[in-house]
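*Asks:* I'd like to ask you about the structure that follows.
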Amino acid sequence: MVGREMINVLEKTAFKYDEFYPVASAASVGTEVSINGKEETIISLEEALSKKPDIAIFSAGGTVSETWAPEFAEVGTRVIDNSSAWRMDATKKLIVPEVNGETLSEDDLIIANPNCSTIQLVMVLAPLHQHYNIKRVVVSTYQSVSGTGKKAVEQMENERMGQKSDMAYPYQIDKNCLPHCDTFNENGYTKEEMKLANETHKILDPAIKLTATAVRVPVEGGHSESVNIEFEKKPDLSDVRTMLSVTPGVKLQDNPDINLYPMPLYSKGKDEVFVGRIRMDESLENAINLWIVADNLRKGAATNTVQIAQLMVDNGWVS
């Protein structure tokens, strides 16, 4: 699902390229995909490597990335990887262009794309941290089934039609919520919950204390997050709204008087991160609550990846 969305974003952004090589497993080699009105034949990883492309966008899982990303980097290809394989590798950059894109250098050949939930979170946290210094964050996510993949979307659709199908989840997802995103660790947290903490530390600041609960909800696309933020300094809500309204890539939707607030239904197919329901936490000094929504397949994956590729082009590292 992410790979196809990446093609959509490449088309939408008019990303300039000379040659486009779609790559997939052996079962798909020889079939065609369409990009910018042209049919392109899918090739194998081995053939793609032999062509020594300038940029390789990976979205095929951690095992493939761990094996093949170094092979492409060895021939000078710049790899942008959408799996979790390299995110916490101390030698690799974890990049959200609007937040820490300036840390990229010409020497970076394997670049990690953060987890979808992390991307939308740090897009909002970054300007607030710079101004007020964040002490602690409590996040509860409401994540769509598209974050799991095609099989999960099909499970929900079939359940809504009263049909049995292969199960992507251990329980029914339609008319249900599962407090279970990814697998459980020994500490009782899921990998998804720990990604939010660990990746935020790497991208923003390891001093930020963050705890999360990640929940899968019966929504086809778009992740939502309820976020409680405690600062060193007392925030001014007017300043917070103004700051977020001018943050690149963030769109403020915060007017309860007319029921204006972010919703996953209206984030679909959009590249922005939407934020609203901004209010003081009346139970804690120097803290606020807010609500963040984004299309997890767009800014949470495909859009962010293409933005990283564009940064490389803009910096003249590829031509």
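We name chains A, B, ... following the order of the structure tokens; residues begin at 1 in each chain, and ligands are numbered from 1 as shown.
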Skipping near chain neighbours, those fewer than 3 positions away, what residues fall within 7 Å of A:Thr31 using only C-alpha atoms, listed as a list in words?

*Replies:*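 Here the qualifying residues turn out to be Ser28, Thr41 and Ile42 of chain A.
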
*Asks:* Kindly save the residues from that selection, with C-alpha atoms included, as a compact mmCIF listing (two decimals), in the first residue's frame.

*Replies:*
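As a result, out.txt now contains:
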```
# COMPACT_ATOMS: atom_id res chain seq x y z
CA SER A 28 5.91 -9.85 -9.68
CA THR A 41 8.07 -3.17 -16.13
CA ILE A 42 8.85 -4.50 -12.67
```

*Asks:* Please provide as a count of residues only all residues within 9 Å of stretch 178-191 of chain A, with the sequence filter that same-chain residues fewer than 6 positions apart are discarded (counting only C-alpha atoms).

*Replies:* 11

*Asks:* Could you jot down the atom CA of A:Gln155 to atom CA of A:Met167 separation for me, Å, one decimal place?

*Replies:*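 The value is 6.1 Å.
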
*Asks:* For each of A:Val275, A:Ala48, A:Ala112, A:Leu104, take the minimum atom-to-atom distance to A:Glu66, counting only C-alpha atoms, then give the residue where this is smallest.

*Replies:*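 Of A:Val275, A:Ala48, A:Ala112, A:Leu104, the one nearest A:Glu66, counting only C-alpha atoms, is A:Ala112.
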
*Asks:* Using only C-alpha atoms for the distances, tell me which of A:Asn255, A:Tyr21, A:Phe231, A:Lys52 is nearest to A:Lys38.

*Replies:*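 Once distances to A:Lys38 are computed over only C-alpha atoms, the minimum belongs to A:Tyr21.
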
*Asks:* Show which residues sit within 12 Å of A:Trp317, as a count of residues only. Count only C-alpha atoms, and ignore same-chain residues fewer than 6 positions away.

*Replies:* 15

*Asks:* My list of candidates is A:Val99, A:Val33, A:Val139, A:Ile111. Which is closest to A:Ala56 when distances are computed with only C-alpha atoms?

*Replies:*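 Of all the options, A:Ile111 lies closest to A:Ala56.
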
*Asks:* Taking the DSSP secondary structure from the backbone, can you list the residues of stretch 134-302 of chain A that are alpha helix (DSSP H), as a VMD selection string?

*Replies:* chain A and resid 150 to 160 191 to 203 237 to 245

*Asks:* Considering only strand (DSSP E or B) as DSSP defines it on the backbone, what residues of stretch 219-307 of chain A qualify? List them as an MDAnalysis selection string.

*Replies:* chainID A and resid 223:231 250:252 255 260 273:280 287:294
